[in-house]
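Enquirer: Sharing a structure with you now.
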Amino acid sequence: MTDQSTRELLLSRIRDVADYPKPGVVFKDITPLLADPKAFTALTEALAETCVRHGATKIIGLEARGFILAAPVAVRAGVGFIPVRKAGKLPGATLAQAYELEYGTAEIEVHAEDLEAGDRVLVIDDVLATGGTAEASLELVRRAGADVVGVAVLMELAFLKGRERLEPALHGAPLEALITL
Ligand SMILES: O=P(O)(O)OC[C@H]1O[C@H](OP(=O)(O)OP(=O)(O)O)[C@H](O)[C@@H]1O
Ligand SMILES: Nc1ncnc2[nH]cnc12
């Protein structure tokens, strides 16, 4: 589990940007964290520990910021990395799911052949805001016949109630946030 000093280090490297990408939104910018090797390594280690603890066999990363976190975690944990991309970017046969987020609407896709029954999937992303992206990713995993062992995020924006929205789609699997704001 992540200790308080690690959480404080991670939090200290997240920058608030007011009114981005539109008025009223406080954007949580993780680029300072990524640029600090101590913080990025601590984050990767914490998420890899989550992966191992839940016995995940595959990690899904959500484009684009989720990729940055999920890929090194998959390498560290020794499991496969599956990209879930914004619609229109994957060349093979896909499963697609539309969703709404804090500042717009979107559609995500996964290669259908990347997931199968028996897979134990951990979904990783940087931010849980309204929960729409994570909810759509869980739909994709289940439609592919795989099992969800959890959702792990760097930060949860609790005031947007993403946890409540995600709850039914989790089917009892845990949602773990290193930082709750
Ligand atoms: O809980 P939600 O309301 O769905 O919001 C969270 C999602 O929003 C952000 O991604 P975004 O779609 O902005 O794309 P990006 O990673 O390409 O910047 C973030 O990285 C999460 O994936
Ligand atoms: N406020 C926010 N900051 C960063 N990423 C986000 N994704 C959705 N809402 C966000």
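FYI, nothing fancy with the structure tokens labels: chains A, B, ... in order, residues from 1 per chain, ligands from 1 as they appear.
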Leaving out Leu166 in chain A and any residue of its chain fewer than 5 positions from it, which residues lie within 10 Å of it when counting only C-alpha atoms, given as a PyMOL selection string?
Expert: chain A and resi 128+130-136+138+151+161+171+175
Enquirer: Store the residues picked out above, limited to N, CA and C atoms, as a PDB file, in the first residue's frame.
Expert:
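In the end it all went to selection.pdb:
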```pdb
ATOM      1  N   LEU A 128      -9.763   9.967 -12.273  1.00  0.00           N
ATOM      2  CA  LEU A 128     -11.183   9.606 -12.302  1.00  0.00           C
ATOM      3  C   LEU A 128     -11.943  10.895 -12.019  1.00  0.00           C
ATOM      4  N   THR A 130     -15.680  12.317 -13.838  1.00  0.00           N
ATOM      5  CA  THR A 130     -17.093  11.899 -13.787  1.00  0.00           C
ATOM      6  C   THR A 130     -17.244  10.378 -13.813  1.00  0.00           C
ATOM      7  N   GLY A 131     -16.164   9.692 -14.168  1.00  0.00           N
ATOM      8  CA  GLY A 131     -16.193   8.223 -14.232  1.00  0.00           C
ATOM      9  C   GLY A 131     -16.618   7.672 -15.580  1.00  0.00           C
ATOM     10  N   GLY A 132     -16.953   8.557 -16.514  1.00  0.00           N
ATOM     11  CA  GLY A 132     -17.456   8.088 -17.813  1.00  0.00           C
ATOM     12  C   GLY A 132     -16.450   7.259 -18.606  1.00  0.00           C
ATOM     13  N   THR A 133     -15.190   7.684 -18.592  1.00  0.00           N
ATOM     14  CA  THR A 133     -14.164   6.962 -19.347  1.00  0.00           C
ATOM     15  C   THR A 133     -13.935   5.579 -18.750  1.00  0.00           C
ATOM     16  N   ALA A 134     -13.776   5.534 -17.440  1.00  0.00           N
ATOM     17  CA  ALA A 134     -13.536   4.243 -16.777  1.00  0.00           C
ATOM     18  C   ALA A 134     -14.745   3.325 -16.948  1.00  0.00           C
ATOM     19  N   GLU A 135     -15.940   3.896 -16.830  1.00  0.00           N
ATOM     20  CA  GLU A 135     -17.169   3.089 -16.988  1.00  0.00           C
ATOM     21  C   GLU A 135     -17.212   2.463 -18.386  1.00  0.00           C
ATOM     22  N   ALA A 136     -16.901   3.268 -19.400  1.00  0.00           N
ATOM     23  CA  ALA A 136     -16.919   2.751 -20.776  1.00  0.00           C
ATOM     24  C   ALA A 136     -15.864   1.655 -20.957  1.00  0.00           C
ATOM     25  N   LEU A 138     -14.800  -0.440 -18.700  1.00  0.00           N
ATOM     26  CA  LEU A 138     -15.271  -1.668 -18.047  1.00  0.00           C
ATOM     27  C   LEU A 138     -16.297  -2.377 -18.931  1.00  0.00           C
ATOM     28  N   VAL A 151      -9.971  -1.047 -10.843  1.00  0.00           N
ATOM     29  CA  VAL A 151      -9.618   0.191 -11.533  1.00  0.00           C
ATOM     30  C   VAL A 151      -8.667   0.939 -10.602  1.00  0.00           C
ATOM     31  N   LYS A 161     -18.137  12.847  -8.283  1.00  0.00           N
ATOM     32  CA  LYS A 161     -18.956  11.649  -8.008  1.00  0.00           C
ATOM     33  C   LYS A 161     -18.760  10.515  -9.012  1.00  0.00           C
ATOM     34  N   HIS A 171     -19.042  -4.211 -10.477  1.00  0.00           N
ATOM     35  CA  HIS A 171     -19.479  -5.563 -10.076  1.00  0.00           C
ATOM     36  C   HIS A 171     -18.687  -6.052  -8.861  1.00  0.00           C
ATOM     37  N   LEU A 175     -12.180   0.087  -6.728  1.00  0.00           N
ATOM     38  CA  LEU A 175     -11.652   1.300  -7.349  1.00  0.00           C
ATOM     39  C   LEU A 175     -10.645   1.871  -6.368  1.00  0.00           C
TER      40      LEU A 175
END
```
Enquirer: Residues within 10 Å of ligand 1, counting only C-alpha atoms and all ligand atoms: report them as an NGL selection string.
Expert: :A and (21 or 27-30 or 61-68 or 85-86 or 99-108 or 124-137 or 153 or 155-157 or 160-163 or 165-166)
Enquirer: Just checking: using only C-alpha atoms, which residue out of A:Leu69, A:Ile60, A:Ala93, A:Leu11 ends up closest to Val141 in chain A?
Expert: A:Ile60
Enquirer: Write out as an MDAnalysis selection string all residues of range 19-148 of chain A that DSSP puts in strand (DSSP E) for this structure's backbone.
Expert: chainID A and resid 26:29 58:62 80:86 94:101 104:111 120:128 147:148
Enquirer: For Val84 in chain A, which residue out of A:Leu140, A:Pro174, A:Leu43, A:Lys58 is the nearest one, using only C-alpha atoms?
Expert: A:Leu140
Enquirer: Just want the 12 Å neighbourhood of Gly78 in chain A, counted on only C-alpha atoms, with same-chain residues fewer than 3 positions away dropped. Output as a list in words.
Expert: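 What passes the distance filter is Ala48, Glu49, Cys51, Val52, Gly55, Ala56, Thr57, Lys58, Ile59, Ala70, Ala71, Pro72, Val73, Ala74, Val75 and Phe81 of chain A.
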Enquirer: Generate the output file for the selected residues, N, CA and C atoms, as a PDB file, in the first residue's frame.
Expert:
```
ATOM      1  N   ALA A  48       2.098  -0.825  -9.801  1.00  0.00           N
ATOM      2  CA  ALA A  48       2.516  -2.216 -10.050  1.00  0.00           C
ATOM      3  C   ALA A  48       2.160  -3.089  -8.848  1.00  0.00           C
ATOM      4  N   GLU A  49       2.306  -2.533  -7.659  1.00  0.00           N
ATOM      5  CA  GLU A  49       1.931  -3.275  -6.441  1.00  0.00           C
ATOM      6  C   GLU A  49       0.433  -3.582  -6.477  1.00  0.00           C
ATOM      7  N   CYS A  51      -1.400  -3.964  -9.140  1.00  0.00           N
ATOM      8  CA  CYS A  51      -1.568  -4.986 -10.191  1.00  0.00           C
ATOM      9  C   CYS A  51      -1.268  -6.375  -9.639  1.00  0.00           C
ATOM     10  N   VAL A  52      -0.144  -6.500  -8.956  1.00  0.00           N
ATOM     11  CA  VAL A  52       0.273  -7.803  -8.414  1.00  0.00           C
ATOM     12  C   VAL A  52      -0.700  -8.248  -7.313  1.00  0.00           C
ATOM     13  N   GLY A  55      -3.726  -9.807  -8.673  1.00  0.00           N
ATOM     14  CA  GLY A  55      -3.520 -10.936  -9.583  1.00  0.00           C
ATOM     15  C   GLY A  55      -3.920 -10.628 -11.013  1.00  0.00           C
ATOM     16  N   ALA A  56      -3.723  -9.384 -11.434  1.00  0.00           N
ATOM     17  CA  ALA A  56      -4.066  -9.014 -12.817  1.00  0.00           C
ATOM     18  C   ALA A  56      -3.133  -9.716 -13.798  1.00  0.00           C
ATOM     19  N   THR A  57      -3.683 -10.123 -14.935  1.00  0.00           N
ATOM     20  CA  THR A  57      -2.874 -10.722 -16.002  1.00  0.00           C
ATOM     21  C   THR A  57      -2.716  -9.769 -17.186  1.00  0.00           C
ATOM     22  N   LYS A  58      -3.563  -8.740 -17.247  1.00  0.00           N
ATOM     23  CA  LYS A  58      -3.445  -7.720 -18.286  1.00  0.00           C
ATOM     24  C   LYS A  58      -3.784  -6.361 -17.688  1.00  0.00           C
ATOM     25  N   ILE A  59      -3.106  -5.336 -18.217  1.00  0.00           N
ATOM     26  CA  ILE A  59      -3.411  -3.962 -17.813  1.00  0.00           C
ATOM     27  C   ILE A  59      -3.959  -3.217 -19.015  1.00  0.00           C
ATOM     28  N   ALA A  70       0.220   3.378 -17.524  1.00  0.00           N
ATOM     29  CA  ALA A  70      -0.038   1.929 -17.593  1.00  0.00           C
ATOM     30  C   ALA A  70       1.096   1.152 -18.248  1.00  0.00           C
ATOM     31  N   ALA A  71       1.758   1.720 -19.237  1.00  0.00           N
ATOM     32  CA  ALA A  71       2.805   0.955 -19.940  1.00  0.00           C
ATOM     33  C   ALA A  71       3.977   0.596 -19.018  1.00  0.00           C
ATOM     34  N   PRO A  72       4.559   1.561 -18.291  1.00  0.00           N
ATOM     35  CA  PRO A  72       5.653   1.164 -17.383  1.00  0.00           C
ATOM     36  C   PRO A  72       5.190   0.256 -16.254  1.00  0.00           C
ATOM     37  N   VAL A  73       3.947   0.398 -15.837  1.00  0.00           N
ATOM     38  CA  VAL A  73       3.423  -0.473 -14.776  1.00  0.00           C
ATOM     39  C   VAL A  73       3.331  -1.908 -15.289  1.00  0.00           C
ATOM     40  N   ALA A  74       2.861  -2.074 -16.524  1.00  0.00           N
ATOM     41  CA  ALA A  74       2.749  -3.422 -17.101  1.00  0.00           C
ATOM     42  C   ALA A  74       4.122  -4.077 -17.207  1.00  0.00           C
ATOM     43  N   VAL A  75       5.123  -3.319 -17.647  1.00  0.00           N
ATOM     44  CA  VAL A  75       6.479  -3.865 -17.749  1.00  0.00           C
ATOM     45  C   VAL A  75       6.983  -4.268 -16.365  1.00  0.00           C
ATOM     46  N   PHE A  81       0.156  -5.250 -21.765  1.00  0.00           N
ATOM     47  CA  PHE A  81      -0.447  -3.911 -21.840  1.00  0.00           C
ATOM     48  C   PHE A  81      -1.409  -3.866 -23.022  1.00  0.00           C
TER      49      PHE A  81
END
```
Enquirer: Go through A:Asp3, A:Glu109, A:Asp16, A:Glu45 one by one, measure the shortest atom-to-atom distance of each to ligand 2 using only C-alpha atoms and all ligand atoms, and give the residue with the smallest value.
Expert: A:Asp16
Enquirer: Pick the closest to ligand 2 from A:Leu181, A:Asp147, A:Lys89, A:Thr94: which is it, counting only C-alpha atoms and all ligand atoms?
Expert: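 Among the listed residues, A:Leu181 lies closest to ligand 2.
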Enquirer: Find the residues around Thr2 in chain A up to 9 Å (only C-alpha atoms counted), leave out those fewer than 4 positions away in its own chain, and share them as JSON, numbers by chain.
Expert: {"A": [6, 7, 46, 178]}
Enquirer: Just list as a compact mmCIF listing (two decimals) with C-alpha atoms, in the first residue's frame whatever in range 63-178 of chain A DSSP marks as helix (DSSP H, G or I).
Expert:
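File states14.txt, as written:
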```txt
# COMPACT_ATOMS: atom_id res chain seq x y z
CA ARG A 65 -2.53 9.99 -20.22
CA GLY A 66 -3.46 6.50 -19.05
CA PHE A 67 -0.93 5.08 -21.53
CA ILE A 68 1.89 7.02 -19.88
CA LEU A 69 1.19 5.36 -16.53
CA ALA A 70 -0.04 1.93 -17.59
CA ALA A 71 2.81 0.95 -19.94
CA PRO A 72 5.65 1.16 -17.38
CA VAL A 73 3.42 -0.47 -14.78
CA ALA A 74 2.75 -3.42 -17.10
CA VAL A 75 6.48 -3.87 -17.75
CA ARG A 76 7.26 -3.64 -14.04
CA ALA A 77 4.49 -6.10 -13.09
CA ALA A 112 -11.33 -7.37 -29.87
CA GLU A 113 -8.51 -9.95 -30.10
CA ASP A 114 -6.58 -8.35 -27.19
CA GLY A 132 -17.46 8.09 -17.81
CA THR A 133 -14.16 6.96 -19.35
CA ALA A 134 -13.54 4.24 -16.78
CA GLU A 135 -17.17 3.09 -16.99
CA ALA A 136 -16.92 2.75 -20.78
CA SER A 137 -13.65 0.80 -20.45
CA LEU A 138 -15.27 -1.67 -18.05
CA GLU A 139 -18.06 -2.20 -20.56
CA LEU A 140 -15.47 -3.03 -23.21
CA VAL A 141 -13.69 -5.52 -20.93
CA ARG A 142 -16.92 -7.29 -20.07
CA ARG A 143 -18.18 -7.34 -23.65
CA ALA A 158 -14.39 13.06 -5.51
CA PHE A 159 -16.61 16.12 -5.97
CA LEU A 160 -17.51 14.88 -9.47
CA GLY A 162 -17.23 9.31 -10.47
CA ARG A 163 -17.05 6.59 -7.82
CA GLU A 164 -20.86 6.50 -7.52
CA ARG A 165 -21.26 6.40 -11.29
CA LEU A 166 -18.70 3.62 -11.64
CA GLU A 167 -20.03 1.47 -8.81
CA PRO A 168 -22.56 -0.61 -10.83
CA ALA A 169 -20.02 -1.32 -13.58
CA LEU A 170 -17.41 -2.50 -11.06
```
Enquirer: Could you tell me which of A:Ala42, A:Ala144, A:Val79, A:Leu154 comes closest to ligand 2 if we count only C-alpha atoms and all ligand atoms?
Expert: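 Closest to ligand 2, using only C-alpha atoms and all ligand atoms: A:Leu154.
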Enquirer: What is the distance, in Å and to one decimal place, between CA of Val25 in chain A and CA of Thr180 in chain A?
Expert: 17.1 Å
Enquirer: Using only C-alpha atoms and all ligand atoms, pick whichever of A:Arg120, A:Ser5, A:Ala18, A:Arg13 has the shortest atom-to-atom distance to ligand 2.
Expert: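 The closest residue to ligand 2 is A:Ala18.
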